[in-house]
$ cat target37.cif   # mmCIF, C-alpha atoms, pLDDT in the B column; chains and numbers go by the auth columns
data_target
loop_
_atom_site.group_PDB
_atom_site.id
_atom_site.type_symbol
_atom_site.label_atom_id
_atom_site.label_comp_id
_atom_site.label_asym_id
_atom_site.label_seq_id
_atom_site.Cartn_x
_atom_site.Cartn_y
_atom_site.Cartn_z
_atom_site.B_iso_or_equiv
_atom_site.auth_seq_id
_atom_site.auth_asym_id
ATOM 1 C CA MET A 1 58.509 83.493 70.828 60.00 1 A
ATOM 2 C CA GLY A 2 60.968 82.516 73.481 57.00 2 A
ATOM 3 C CA ILE A 3 62.877 84.563 75.988 49.00 3 A
ATOM 4 C CA ILE A 4 66.113 83.847 74.111 50.00 4 A
ATOM 5 C CA ILE A 5 64.718 85.233 70.856 50.00 5 A
ATOM 6 C CA MET A 6 63.159 88.186 72.670 49.00 6 A
ATOM 7 C CA ILE A 7 66.509 89.095 74.256 46.00 7 A
ATOM 8 C CA SER A 8 68.465 88.646 71.020 47.00 8 A
ATOM 9 C CA THR A 9 65.863 90.726 69.152 47.00 9 A
ATOM 10 C CA PHE A 10 66.292 93.576 71.608 45.00 10 A
ATOM 11 C CA LEU A 11 70.091 93.280 71.414 46.00 11 A
ATOM 12 C CA LEU A 12 69.971 93.339 67.609 49.00 12 A
ATOM 13 C CA THR A 13 67.616 96.289 67.252 47.00 13 A
ATOM 14 C CA ASN A 14 67.759 98.119 70.590 45.00 14 A
ATOM 15 C CA LYS A 15 64.169 99.270 69.910 41.00 15 A
ATOM 16 C CA PRO A 16 61.140 99.296 72.200 38.00 16 A
ATOM 17 C CA ILE A 17 58.533 96.562 71.779 36.00 17 A
ATOM 18 C CA ILE A 18 55.981 97.284 69.008 31.00 18 A
ATOM 19 C CA SER A 19 52.633 95.868 67.922 30.00 19 A
ATOM 20 C CA LEU A 20 51.730 92.875 65.765 26.00 20 A
ATOM 21 C CA ASN A 21 50.839 92.849 62.105 29.00 21 A
ATOM 22 C CA ARG A 22 47.066 92.170 61.992 27.00 22 A
ATOM 23 C CA ARG A 23 46.653 91.041 58.358 27.00 23 A
ATOM 24 C CA SER A 24 44.371 88.025 57.885 29.00 24 A
ATOM 25 C CA LEU A 25 45.343 84.778 56.176 29.00 25 A
ATOM 26 C CA HIS A 26 43.428 81.565 55.574 33.00 26 A
ATOM 27 C CA GLY A 27 44.959 78.119 55.110 39.00 27 A
ATOM 28 C CA ALA A 28 47.250 75.598 56.713 55.00 28 A
ATOM 29 C CA LEU A 29 50.667 74.072 56.187 65.00 29 A
ATOM 30 C CA ALA A 30 50.994 72.445 52.787 54.00 30 A
ATOM 31 C CA GLY A 31 52.497 68.989 52.854 57.00 31 A
ATOM 32 C CA GLY A 32 51.780 68.223 56.501 73.00 32 A
ATOM 33 C CA PHE A 33 53.677 68.978 59.675 85.00 33 A
ATOM 34 C CA SER A 34 57.298 69.481 58.708 89.00 34 A
ATOM 35 C CA ARG A 35 59.986 72.074 59.272 91.00 35 A
ATOM 36 C CA GLU A 36 60.057 72.710 55.526 91.00 36 A
ATOM 37 C CA ALA A 37 56.288 73.307 55.342 91.00 37 A
ATOM 38 C CA LEU A 38 56.494 75.781 58.230 93.00 38 A
ATOM 39 C CA GLN A 39 59.436 77.492 56.553 92.00 39 A
ATOM 40 C CA GLN A 40 57.498 77.779 53.258 91.00 40 A
ATOM 41 C CA TRP A 41 54.437 79.134 55.060 92.00 41 A
ATOM 42 C CA SER A 42 56.616 81.752 56.795 92.00 42 A
ATOM 43 C CA MET A 43 58.281 82.802 53.539 92.00 43 A
ATOM 44 C CA GLN A 44 54.859 83.377 51.973 91.00 44 A
ATOM 45 C CA GLU A 45 53.432 85.118 55.041 92.00 45 A
ATOM 46 C CA TRP A 46 56.322 87.585 55.259 92.00 46 A
ATOM 47 C CA ASN A 47 57.191 87.834 51.554 91.00 47 A
ATOM 48 C CA ASP A 48 60.622 86.672 52.670 89.00 48 A
ATOM 49 C CA LYS A 49 62.853 86.065 49.649 89.00 49 A
ATOM 50 C CA HIS A 50 65.321 83.992 51.671 90.00 50 A
ATOM 51 C CA SER A 51 64.845 80.972 53.892 90.00 51 A
ATOM 52 C CA PRO A 52 63.800 81.923 57.409 93.00 52 A
ATOM 53 C CA TYR A 53 65.029 79.946 60.391 95.00 53 A
ATOM 54 C CA SER A 54 62.511 77.218 61.198 95.00 54 A
ATOM 55 C CA ASP A 55 62.388 74.340 63.630 96.00 55 A
ATOM 56 C CA LEU A 56 59.792 71.709 64.417 96.00 56 A
ATOM 57 C CA LEU A 57 59.841 69.434 67.442 97.00 57 A
ATOM 58 C CA SER A 58 57.441 66.626 68.284 96.00 58 A
ATOM 59 C CA GLN A 59 56.642 64.389 71.206 97.00 59 A
ATOM 60 C CA LYS A 60 54.561 61.241 71.539 96.00 60 A
ATOM 61 C CA VAL A 61 51.495 61.473 73.772 95.00 61 A
ATOM 62 C CA SER A 62 49.160 58.934 75.355 94.00 62 A
ATOM 63 C CA THR A 63 46.097 57.496 73.674 93.00 63 A
ATOM 64 C CA ALA A 64 44.033 59.188 76.396 94.00 64 A
ATOM 65 C CA SER A 65 45.478 62.556 75.358 94.00 65 A
ATOM 66 C CA ILE A 66 44.650 61.968 71.697 93.00 66 A
ATOM 67 C CA ASP A 67 41.142 60.819 72.654 93.00 67 A
ATOM 68 C CA TYR A 68 40.706 63.995 74.711 94.00 68 A
ATOM 69 C CA LEU A 69 41.846 66.184 71.803 94.00 69 A
ATOM 70 C CA ASN A 70 39.710 64.275 69.289 92.00 70 A
ATOM 71 C CA GLU A 71 36.615 64.749 71.464 92.00 71 A
ATOM 72 C CA HIS A 72 37.223 68.465 71.946 90.00 72 A
ATOM 73 C CA PRO A 73 35.447 70.824 69.496 88.00 73 A
ATOM 74 C CA HIS A 74 38.636 72.941 69.104 89.00 74 A
ATOM 75 C CA PRO A 75 41.585 70.561 69.651 92.00 75 A
ATOM 76 C CA SER A 76 44.379 72.791 68.317 94.00 76 A
ATOM 77 C CA SER A 77 43.001 75.669 70.378 95.00 77 A
ATOM 78 C CA GLU A 78 43.071 73.440 73.443 95.00 78 A
ATOM 79 C CA LEU A 79 46.731 72.600 72.756 96.00 79 A
ATOM 80 C CA ALA A 80 47.529 76.316 72.432 97.00 80 A
ATOM 81 C CA LYS A 81 45.973 76.913 75.860 97.00 81 A
ATOM 82 C CA PHE A 82 48.104 74.114 77.337 97.00 82 A
ATOM 83 C CA PHE A 83 51.192 75.609 75.674 98.00 83 A
ATOM 84 C CA PHE A 84 50.619 79.097 77.076 97.00 84 A
ATOM 85 C CA LYS A 85 49.530 77.787 80.522 96.00 85 A
ATOM 86 C CA SER A 86 52.571 75.543 80.894 97.00 86 A
ATOM 87 C CA VAL A 87 55.092 76.025 83.691 96.00 87 A
ATOM 88 C CA PRO A 88 58.044 76.510 81.279 97.00 88 A
ATOM 89 C CA PHE A 89 56.170 79.363 79.568 96.00 89 A
ATOM 90 C CA ALA A 90 55.435 81.172 82.883 95.00 90 A
ATOM 91 C CA PRO A 91 58.611 83.341 82.932 95.00 91 A
ATOM 92 C CA GLU A 92 57.955 84.525 79.379 94.00 92 A
ATOM 93 C CA ARG A 93 54.320 85.260 80.252 94.00 93 A
ATOM 94 C CA ILE A 94 55.411 87.297 83.296 94.00 94 A
ATOM 95 C CA ILE A 95 57.943 89.306 81.260 93.00 95 A
ATOM 96 C CA LEU A 96 55.581 89.998 78.334 92.00 96 A
ATOM 97 C CA THR A 97 52.339 90.753 80.196 93.00 97 A
ATOM 98 C CA PRO A 98 53.177 94.380 81.130 93.00 98 A
ATOM 99 C CA PHE A 99 53.775 95.161 77.436 90.00 99 A
ATOM 100 C CA ARG A 100 50.485 93.625 76.252 89.00 100 A
ATOM 101 C CA TYR A 101 48.280 93.773 79.329 86.00 101 A
ATOM 102 C CA GLN A 102 45.155 94.338 77.199 87.00 102 A
ATOM 103 C CA HIS A 103 45.815 90.933 75.544 90.00 103 A
ATOM 104 C CA SER A 104 47.075 89.065 78.615 90.00 104 A
ATOM 105 C CA ALA A 105 43.971 87.029 79.460 93.00 105 A
ATOM 106 C CA LEU A 106 44.293 83.505 78.079 94.00 106 A
ATOM 107 C CA PRO A 107 41.460 83.087 75.528 95.00 107 A
ATOM 108 C CA ASN A 108 38.892 80.326 76.019 93.00 108 A
ATOM 109 C CA ILE A 109 39.187 79.528 72.303 94.00 109 A
ATOM 110 C CA PHE A 110 41.953 80.467 69.874 95.00 110 A
ATOM 111 C CA THR A 111 40.508 81.230 66.424 94.00 111 A
ATOM 112 C CA GLU A 112 41.862 83.271 63.510 95.00 112 A
ATOM 113 C CA GLY A 113 42.502 86.809 64.693 95.00 113 A
ATOM 114 C CA THR A 114 42.624 85.941 68.412 96.00 114 A
ATOM 115 C CA LYS A 115 45.332 87.905 70.210 96.00 115 A
ATOM 116 C CA TYR A 116 47.293 86.724 73.210 96.00 116 A
ATOM 117 C CA LEU A 117 50.236 88.818 74.422 95.00 117 A
ATOM 118 C CA PHE A 118 52.383 89.312 71.272 95.00 118 A
ATOM 119 C CA TRP A 119 50.768 86.497 69.265 96.00 119 A
ATOM 120 C CA THR A 120 47.905 86.702 66.780 96.00 120 A
ATOM 121 C CA VAL A 121 46.339 83.550 65.358 97.00 121 A
ATOM 122 C CA ARG A 122 46.893 83.497 61.591 96.00 122 A
ATOM 123 C CA VAL A 123 45.863 79.896 60.825 93.00 123 A
ATOM 124 C CA HIS A 124 43.480 77.714 62.785 93.00 124 A
ATOM 125 C CA THR A 125 42.400 74.229 61.765 92.00 125 A
ATOM 126 C CA PRO A 126 41.316 71.367 64.025 91.00 126 A
ATOM 127 C CA LEU A 127 44.831 69.859 63.887 92.00 127 A
ATOM 128 C CA GLU A 128 47.051 72.967 63.840 94.00 128 A
ATOM 129 C CA ILE A 129 47.338 76.554 64.880 96.00 129 A
ATOM 130 C CA ILE A 130 49.906 79.093 63.674 96.00 130 A
ATOM 131 C CA LEU A 131 50.385 82.295 65.635 97.00 131 A
ATOM 132 C CA ARG A 132 52.362 85.227 64.290 96.00 132 A
ATOM 133 C CA TRP A 133 54.325 87.684 66.402 95.00 133 A
ATOM 134 C CA GLN A 134 56.398 90.762 65.730 91.00 134 A
ATOM 135 C CA LEU A 135 58.960 92.289 68.059 87.00 135 A
ATOM 136 C CA ASN A 136 61.150 95.269 67.214 85.00 136 A
ATOM 137 C CA GLY A 137 60.306 94.867 63.536 86.00 137 A
ATOM 138 C CA ILE A 138 61.312 91.195 63.459 88.00 138 A
ATOM 139 C CA ASP A 139 58.690 88.665 62.362 92.00 139 A
ATOM 140 C CA GLY A 140 58.255 85.231 63.837 95.00 140 A
ATOM 141 C CA CYS A 141 55.651 82.541 64.271 96.00 141 A
ATOM 142 C CA THR A 142 54.794 79.721 66.621 97.00 142 A
ATOM 143 C CA MET A 143 53.076 76.567 65.361 96.00 143 A
ATOM 144 C CA ILE A 144 51.274 74.037 67.557 97.00 144 A
ATOM 145 C CA ALA A 145 49.682 70.889 66.138 95.00 145 A
ATOM 146 C CA TYR A 146 48.863 67.248 66.671 92.00 146 A
ATOM 147 C CA ASP A 147 48.598 64.146 64.555 92.00 147 A
ATOM 148 C CA PRO A 148 45.998 61.728 65.951 91.00 148 A
ATOM 149 C CA GLN A 149 47.172 58.876 63.708 90.00 149 A
ATOM 150 C CA ILE A 150 50.702 58.696 65.095 92.00 150 A
ATOM 151 C CA LYS A 151 49.862 60.178 68.537 93.00 151 A
ATOM 152 C CA ARG A 152 52.304 63.094 68.335 94.00 152 A
ATOM 153 C CA VAL A 153 52.065 66.761 69.222 96.00 153 A
ATOM 154 C CA TYR A 154 54.234 69.418 67.573 96.00 154 A
ATOM 155 C CA HIS A 155 55.763 72.765 68.424 97.00 155 A
ATOM 156 C CA GLY A 156 57.492 74.759 65.702 96.00 156 A
ATOM 157 C CA ASN A 157 59.008 78.197 65.316 97.00 157 A
ATOM 158 C CA SER A 158 60.049 80.372 62.424 96.00 158 A
ATOM 159 C CA ILE A 159 62.048 83.624 62.402 94.00 159 A
ATOM 160 C CA HIS A 160 62.408 86.007 59.448 93.00 160 A
ATOM 161 C CA SER A 161 65.608 85.550 57.435 91.00 161 A
ATOM 162 C CA SER A 162 66.707 89.143 58.135 90.00 162 A
ATOM 163 C CA VAL A 163 67.769 87.961 61.596 90.00 163 A
ATOM 164 C CA THR A 164 69.146 84.519 60.858 87.00 164 A
ATOM 165 C CA LYS A 165 72.500 85.642 59.452 84.00 165 A
ATOM 166 C CA ASN A 166 73.317 87.632 62.598 88.00 166 A
ATOM 167 C CA ASN A 167 76.034 86.191 64.867 91.00 167 A
ATOM 168 C CA VAL A 168 74.005 86.914 68.033 91.00 168 A
ATOM 169 C CA PHE A 169 71.070 84.914 66.660 90.00 169 A
ATOM 170 C CA ARG A 170 73.362 82.070 65.576 90.00 170 A
ATOM 171 C CA ALA A 171 75.008 81.961 69.003 94.00 171 A
ATOM 172 C CA LEU A 172 71.635 81.847 70.771 93.00 172 A
ATOM 173 C CA THR A 173 69.988 79.292 68.449 94.00 173 A
ATOM 174 C CA PRO A 174 71.068 76.213 70.484 95.00 174 A
ATOM 175 C CA LEU A 175 69.577 77.821 73.617 95.00 175 A
ATOM 176 C CA HIS A 176 66.384 78.575 71.704 94.00 176 A
ATOM 177 C CA VAL A 177 66.094 74.933 70.595 96.00 177 A
ATOM 178 C CA GLN A 178 66.525 73.729 74.191 97.00 178 A
ATOM 179 C CA TYR A 179 63.881 76.217 75.338 97.00 179 A
ATOM 180 C CA ALA A 180 61.527 75.066 72.546 97.00 180 A
ATOM 181 C CA LYS A 181 61.964 71.456 73.729 97.00 181 A
ATOM 182 C CA LEU A 182 61.138 72.564 77.267 97.00 182 A
ATOM 183 C CA LEU A 183 58.005 74.370 76.033 98.00 183 A
ATOM 184 C CA LEU A 184 56.879 71.297 74.092 98.00 184 A
ATOM 185 C CA SER A 185 57.399 69.122 77.156 98.00 185 A
ATOM 186 C CA GLY A 186 55.488 71.631 79.292 97.00 186 A
ATOM 187 C CA MET A 187 52.571 71.611 76.847 97.00 187 A
ATOM 188 C CA VAL A 188 52.466 67.805 76.987 97.00 188 A
ATOM 189 C CA GLN A 189 52.600 67.849 80.797 96.00 189 A
ATOM 190 C CA GLU A 190 49.655 70.287 80.900 96.00 190 A
ATOM 191 C CA LEU A 191 47.718 68.081 78.476 96.00 191 A
ATOM 192 C CA GLU A 192 48.449 64.882 80.398 94.00 192 A
ATOM 193 C CA SER A 193 47.656 66.451 83.795 93.00 193 A
ATOM 194 C CA ASN A 194 44.354 67.732 82.419 87.00 194 A
ATOM 195 C CA ILE A 195 43.450 64.162 81.422 85.00 195 A
ATOM 196 C CA GLU A 196 44.140 62.942 84.971 74.00 196 A
ATOM 197 C CA LYS A 197 41.638 65.414 86.523 66.00 197 A
#
$ encode --input "target37.cif" --output "structure tokens"
Amino acid sequence: MGIIIMISTFLLTNKPIISLNRRSLHGALAGGFSREALQQWSMQEWNDKHSPYSDLLSQKVSTASIDYLNEHPHPSSELAKFFFKSVPFAPERIILTPFRYQHSALPNIFTEGTKYLFWTVRVHTPLEIILRWQLNGIDGCTMIAYDPQIKRVYHGNSIHSSVTKNNVFRALTPLHVQYAKLLLSGMVQELESNIEK
């Protein structure tokens, strides 16, 4: 979700934090891992008539990391654990935990319907996981995936179009992108350090 988005959401709505939408959905990104596919998925998920903000970042990982993920029974779930355990995510985890204490224990396995803090898993396949969140009535999602063929891991985000035209959101978008890069790097560092153990 990102601290930047959380702060801008509060500034835009000035509402207390509210719960997630718990509707179930089956499927995965059509057309592979792309910003456009994540954007299309988000539009369908939220019945958003306009294009939501979406980004998708990727980073190359070692062959040992891909081998580890390929050998794991739930590779995308494992990546989600590395994402949420990462050092760059720690401040966000500390800020959000008091609001969702009942969902603050990191799950052993992320499957459809699993809740962690403000996120609920909406899509889970071996290669990707999409988690939906809602804060102050604003919908968003976080996507984590990997492609074993090209040895890349992905981190993507999408925010409902109702927010994207706002000047506060636009001003904070470059900070969000930098934070998303940091989170991706942190996930990769957690993955790589787990391989070294």
$ residues_around --input "target37.cif" --residues "Lys85 (chain A)" --least-positions-apart "6" --cutoff "9 Å" --atoms "all atoms listed in the file" --output "VMD selection string"
chain A and resid 93 106 186 to 187 190
$ write_last_selection --input "target37.cif" --atoms "C-alpha atoms" --output "compact mmCIF listing (two decimals), in the frame of the given file"
# COMPACT_ATOMS: atom_id res chain seq x y z
CA ARG A 93 54.32 85.26 80.25
CA LEU A 106 44.29 83.50 78.08
CA GLY A 186 55.49 71.63 79.29
CA MET A 187 52.57 71.61 76.85
CA GLU A 190 49.66 70.29 80.90
$ closest_atom_pairs --input "target37.cif" --of "region 73-187 of chain A" --to "region 31-49 of chain A" --cutoff "9 Å" --atoms "all atoms listed in the file" --output "JSON lines"
{"residue": "A:Glu128", "atom": "CA", "partner": "A:Phe33", "partner_atom": "CA", "distance": 8.8}
{"residue": "A:Asp139", "atom": "CA", "partner": "A:Trp46", "partner_atom": "CA", "distance": 7.6}
{"residue": "A:Gly140", "atom": "CA", "partner": "A:Ser42", "partner_atom": "CA", "distance": 8.0}
{"residue": "A:Cys141", "atom": "CA", "partner": "A:Ser42", "partner_atom": "CA", "distance": 7.6}
{"residue": "A:Met143", "atom": "CA", "partner": "A:Leu38", "partner_atom": "CA", "distance": 7.9}
{"residue": "A:Ala145", "atom": "CA", "partner": "A:Phe33", "partner_atom": "CA", "distance": 7.8}
{"residue": "A:Tyr146", "atom": "CA", "partner": "A:Phe33", "partner_atom": "CA", "distance": 8.7}
{"residue": "A:Asp147", "atom": "CA", "partner": "A:Phe33", "partner_atom": "CA", "distance": 8.5}
{"residue": "A:Tyr154", "atom": "CA", "partner": "A:Phe33", "partner_atom": "CA", "distance": 7.9}
{"residue": "A:Gly156", "atom": "CA", "partner": "A:Arg35", "partner_atom": "CA", "distance": 7.4}
{"residue": "A:Asn157", "atom": "CA", "partner": "A:Leu38", "partner_atom": "CA", "distance": 7.9}
{"residue": "A:Ser158", "atom": "CA", "partner": "A:Gln39", "partner_atom": "CA", "distance": 6.6}
{"residue": "A:Ile159", "atom": "CA", "partner": "A:Ser42", "partner_atom": "CA", "distance": 8.0}
{"residue": "A:His160", "atom": "CA", "partner": "A:Asp48", "partner_atom": "CA", "distance": 7.0}
{"residue": "A:Ser161", "atom": "CA", "partner": "A:Asp48", "partner_atom": "CA", "distance": 7.0}
{"residue": "A:Ser162", "atom": "CA", "partner": "A:Asp48", "partner_atom": "CA", "distance": 8.5}
$ closest_residue --input "target37.cif" --among "A:Ile138, A:Leu117, A:Leu127, A:Leu182" --to "Thr97 (chain A)" --atoms "all atoms listed in the file"
A:Leu117
$ atom_distance --input "target37.cif" --atom1 "CA of Lys60 (chain A)" --atom2 "CA of Phe169 (chain A)"
29.3 Å
$ atom_distance --input "target37.cif" --atom1 "CA of Gln59 (chain A)" --atom2 "CA of Lys151 (chain A)"
8.4 Å
$ decode --input "target37.cif" --residues "region 165-176 of chain A" --atoms "all heavy atoms" --output "PDB file, in the first residue's frame"
ATOM      1  N   LYS A 165      -6.828  11.613 -10.109  1.00  0.00           N
ATOM      2  CA  LYS A 165      -6.912  12.974 -10.662  1.00  0.00           C
ATOM      3  C   LYS A 165      -6.586  14.044  -9.611  1.00  0.00           C
ATOM      4  O   LYS A 165      -6.425  15.206  -9.941  1.00  0.00           O
ATOM      5  CB  LYS A 165      -8.334  13.237 -11.202  1.00  0.00           C
ATOM      6  CG  LYS A 165      -8.829  12.197 -12.182  1.00  0.00           C
ATOM      7  CD  LYS A 165      -8.213  12.356 -13.539  1.00  0.00           C
ATOM      8  CE  LYS A 165      -8.841  11.447 -14.563  1.00  0.00           C
ATOM      9  NZ  LYS A 165      -8.260  10.154 -14.682  1.00  0.00           N
ATOM     10  N   ASN A 166      -6.488  13.635  -8.356  1.00  0.00           N
ATOM     11  CA  ASN A 166      -6.249  14.571  -7.265  1.00  0.00           C
ATOM     12  C   ASN A 166      -4.807  15.095  -7.291  1.00  0.00           C
ATOM     13  O   ASN A 166      -3.866  14.338  -7.508  1.00  0.00           O
ATOM     14  CB  ASN A 166      -6.537  13.864  -5.943  1.00  0.00           C
ATOM     15  CG  ASN A 166      -6.421  14.794  -4.778  1.00  0.00           C
ATOM     16  OD1 ASN A 166      -5.321  15.109  -4.359  1.00  0.00           O
ATOM     17  ND2 ASN A 166      -7.560  15.226  -4.262  1.00  0.00           N
ATOM     18  N   ASN A 167      -4.631  16.380  -7.045  1.00  0.00           N
ATOM     19  CA  ASN A 167      -3.305  17.001  -7.070  1.00  0.00           C
ATOM     20  C   ASN A 167      -2.379  16.455  -5.986  1.00  0.00           C
ATOM     21  O   ASN A 167      -1.168  16.350  -6.201  1.00  0.00           O
ATOM     22  CB  ASN A 167      -3.422  18.523  -6.952  1.00  0.00           C
ATOM     23  CG  ASN A 167      -3.978  19.136  -8.218  1.00  0.00           C
ATOM     24  OD1 ASN A 167      -3.855  18.573  -9.307  1.00  0.00           O
ATOM     25  ND2 ASN A 167      -4.611  20.293  -8.093  1.00  0.00           N
ATOM     26  N   VAL A 168      -2.929  16.106  -4.814  1.00  0.00           N
ATOM     27  CA  VAL A 168      -2.097  15.531  -3.748  1.00  0.00           C
ATOM     28  C   VAL A 168      -1.526  14.196  -4.218  1.00  0.00           C
ATOM     29  O   VAL A 168      -0.331  13.925  -4.065  1.00  0.00           O
ATOM     30  CB  VAL A 168      -2.905  15.359  -2.435  1.00  0.00           C
ATOM     31  CG1 VAL A 168      -2.095  14.607  -1.392  1.00  0.00           C
ATOM     32  CG2 VAL A 168      -3.363  16.703  -1.906  1.00  0.00           C
ATOM     33  N   PHE A 169      -2.382  13.351  -4.799  1.00  0.00           N
ATOM     34  CA  PHE A 169      -1.917  12.058  -5.300  1.00  0.00           C
ATOM     35  C   PHE A 169      -0.852  12.259  -6.381  1.00  0.00           C
ATOM     36  O   PHE A 169       0.188  11.606  -6.358  1.00  0.00           O
ATOM     37  CB  PHE A 169      -3.081  11.239  -5.856  1.00  0.00           C
ATOM     38  CG  PHE A 169      -2.642   9.914  -6.416  1.00  0.00           C
ATOM     39  CD1 PHE A 169      -2.436   8.832  -5.586  1.00  0.00           C
ATOM     40  CD2 PHE A 169      -2.411   9.761  -7.772  1.00  0.00           C
ATOM     41  CE1 PHE A 169      -2.014   7.622  -6.087  1.00  0.00           C
ATOM     42  CE2 PHE A 169      -1.984   8.551  -8.290  1.00  0.00           C
ATOM     43  CZ  PHE A 169      -1.787   7.480  -7.436  1.00  0.00           C
ATOM     44  N   ARG A 170      -1.119  13.153  -7.312  1.00  0.00           N
ATOM     45  CA  ARG A 170      -0.153  13.405  -8.397  1.00  0.00           C
ATOM     46  C   ARG A 170       1.188  13.872  -7.846  1.00  0.00           C
ATOM     47  O   ARG A 170       2.242  13.465  -8.322  1.00  0.00           O
ATOM     48  CB  ARG A 170      -0.709  14.437  -9.364  1.00  0.00           C
ATOM     49  CG  ARG A 170      -1.809  13.895 -10.241  1.00  0.00           C
ATOM     50  CD  ARG A 170      -2.294  14.949 -11.197  1.00  0.00           C
ATOM     51  NE  ARG A 170      -3.361  14.432 -12.021  1.00  0.00           N
ATOM     52  CZ  ARG A 170      -4.053  15.156 -12.852  1.00  0.00           C
ATOM     53  NH1 ARG A 170      -3.804  16.442 -12.980  1.00  0.00           N
ATOM     54  NH2 ARG A 170      -5.014  14.611 -13.572  1.00  0.00           N
ATOM     55  N   ALA A 171       1.146  14.748  -6.841  1.00  0.00           N
ATOM     56  CA  ALA A 171       2.385  15.265  -6.261  1.00  0.00           C
ATOM     57  C   ALA A 171       3.165  14.164  -5.544  1.00  0.00           C
ATOM     58  O   ALA A 171       4.403  14.176  -5.554  1.00  0.00           O
ATOM     59  CB  ALA A 171       2.078  16.408  -5.295  1.00  0.00           C
ATOM     60  N   LEU A 172       2.459  13.214  -4.947  1.00  0.00           N
ATOM     61  CA  LEU A 172       3.119  12.157  -4.183  1.00  0.00           C
ATOM     62  C   LEU A 172       3.489  10.933  -5.021  1.00  0.00           C
ATOM     63  O   LEU A 172       4.201  10.048  -4.543  1.00  0.00           O
ATOM     64  CB  LEU A 172       2.243  11.738  -3.010  1.00  0.00           C
ATOM     65  CG  LEU A 172       2.058  12.797  -1.920  1.00  0.00           C
ATOM     66  CD1 LEU A 172       1.066  12.313  -0.874  1.00  0.00           C
ATOM     67  CD2 LEU A 172       3.376  13.169  -1.283  1.00  0.00           C
ATOM     68  N   THR A 173       3.020  10.856  -6.257  1.00  0.00           N
ATOM     69  CA  THR A 173       3.291   9.688  -7.099  1.00  0.00           C
ATOM     70  C   THR A 173       4.786   9.409  -7.283  1.00  0.00           C
ATOM     71  O   THR A 173       5.206   8.255  -7.145  1.00  0.00           O
ATOM     72  CB  THR A 173       2.575   9.799  -8.459  1.00  0.00           C
ATOM     73  OG1 THR A 173       1.163   9.860  -8.219  1.00  0.00           O
ATOM     74  CG2 THR A 173       2.871   8.617  -9.350  1.00  0.00           C
ATOM     75  N   PRO A 174       5.637  10.408  -7.559  1.00  0.00           N
ATOM     76  CA  PRO A 174       7.069  10.090  -7.685  1.00  0.00           C
ATOM     77  C   PRO A 174       7.664   9.491  -6.404  1.00  0.00           C
ATOM     78  O   PRO A 174       8.509   8.594  -6.474  1.00  0.00           O
ATOM     79  CB  PRO A 174       7.710  11.438  -8.011  1.00  0.00           C
ATOM     80  CG  PRO A 174       6.607  12.253  -8.614  1.00  0.00           C
ATOM     81  CD  PRO A 174       5.361  11.811  -7.909  1.00  0.00           C
ATOM     82  N   LEU A 175       7.207   9.953  -5.242  1.00  0.00           N
ATOM     83  CA  LEU A 175       7.672   9.368  -3.978  1.00  0.00           C
ATOM     84  C   LEU A 175       7.187   7.931  -3.838  1.00  0.00           C
ATOM     85  O   LEU A 175       7.925   7.056  -3.381  1.00  0.00           O
ATOM     86  CB  LEU A 175       7.183  10.202  -2.794  1.00  0.00           C
ATOM     87  CG  LEU A 175       7.808  11.583  -2.650  1.00  0.00           C
ATOM     88  CD1 LEU A 175       7.123  12.363  -1.535  1.00  0.00           C
ATOM     89  CD2 LEU A 175       9.294  11.475  -2.383  1.00  0.00           C
ATOM     90  N   HIS A 176       5.939   7.689  -4.250  1.00  0.00           N
ATOM     91  CA  HIS A 176       5.403   6.331  -4.206  1.00  0.00           C
ATOM     92  C   HIS A 176       6.243   5.393  -5.082  1.00  0.00           C
ATOM     93  O   HIS A 176       6.561   4.276  -4.671  1.00  0.00           O
ATOM     94  CB  HIS A 176       3.936   6.300  -4.667  1.00  0.00           C
ATOM     95  CG  HIS A 176       3.509   4.937  -5.087  1.00  0.00           C
ATOM     96  ND1 HIS A 176       3.264   3.923  -4.191  1.00  0.00           N
ATOM     97  CD2 HIS A 176       3.331   4.408  -6.326  1.00  0.00           C
ATOM     98  CE1 HIS A 176       2.946   2.824  -4.859  1.00  0.00           C
ATOM     99  NE2 HIS A 176       2.976   3.091  -6.153  1.00  0.00           N
TER     100      HIS A 176
END
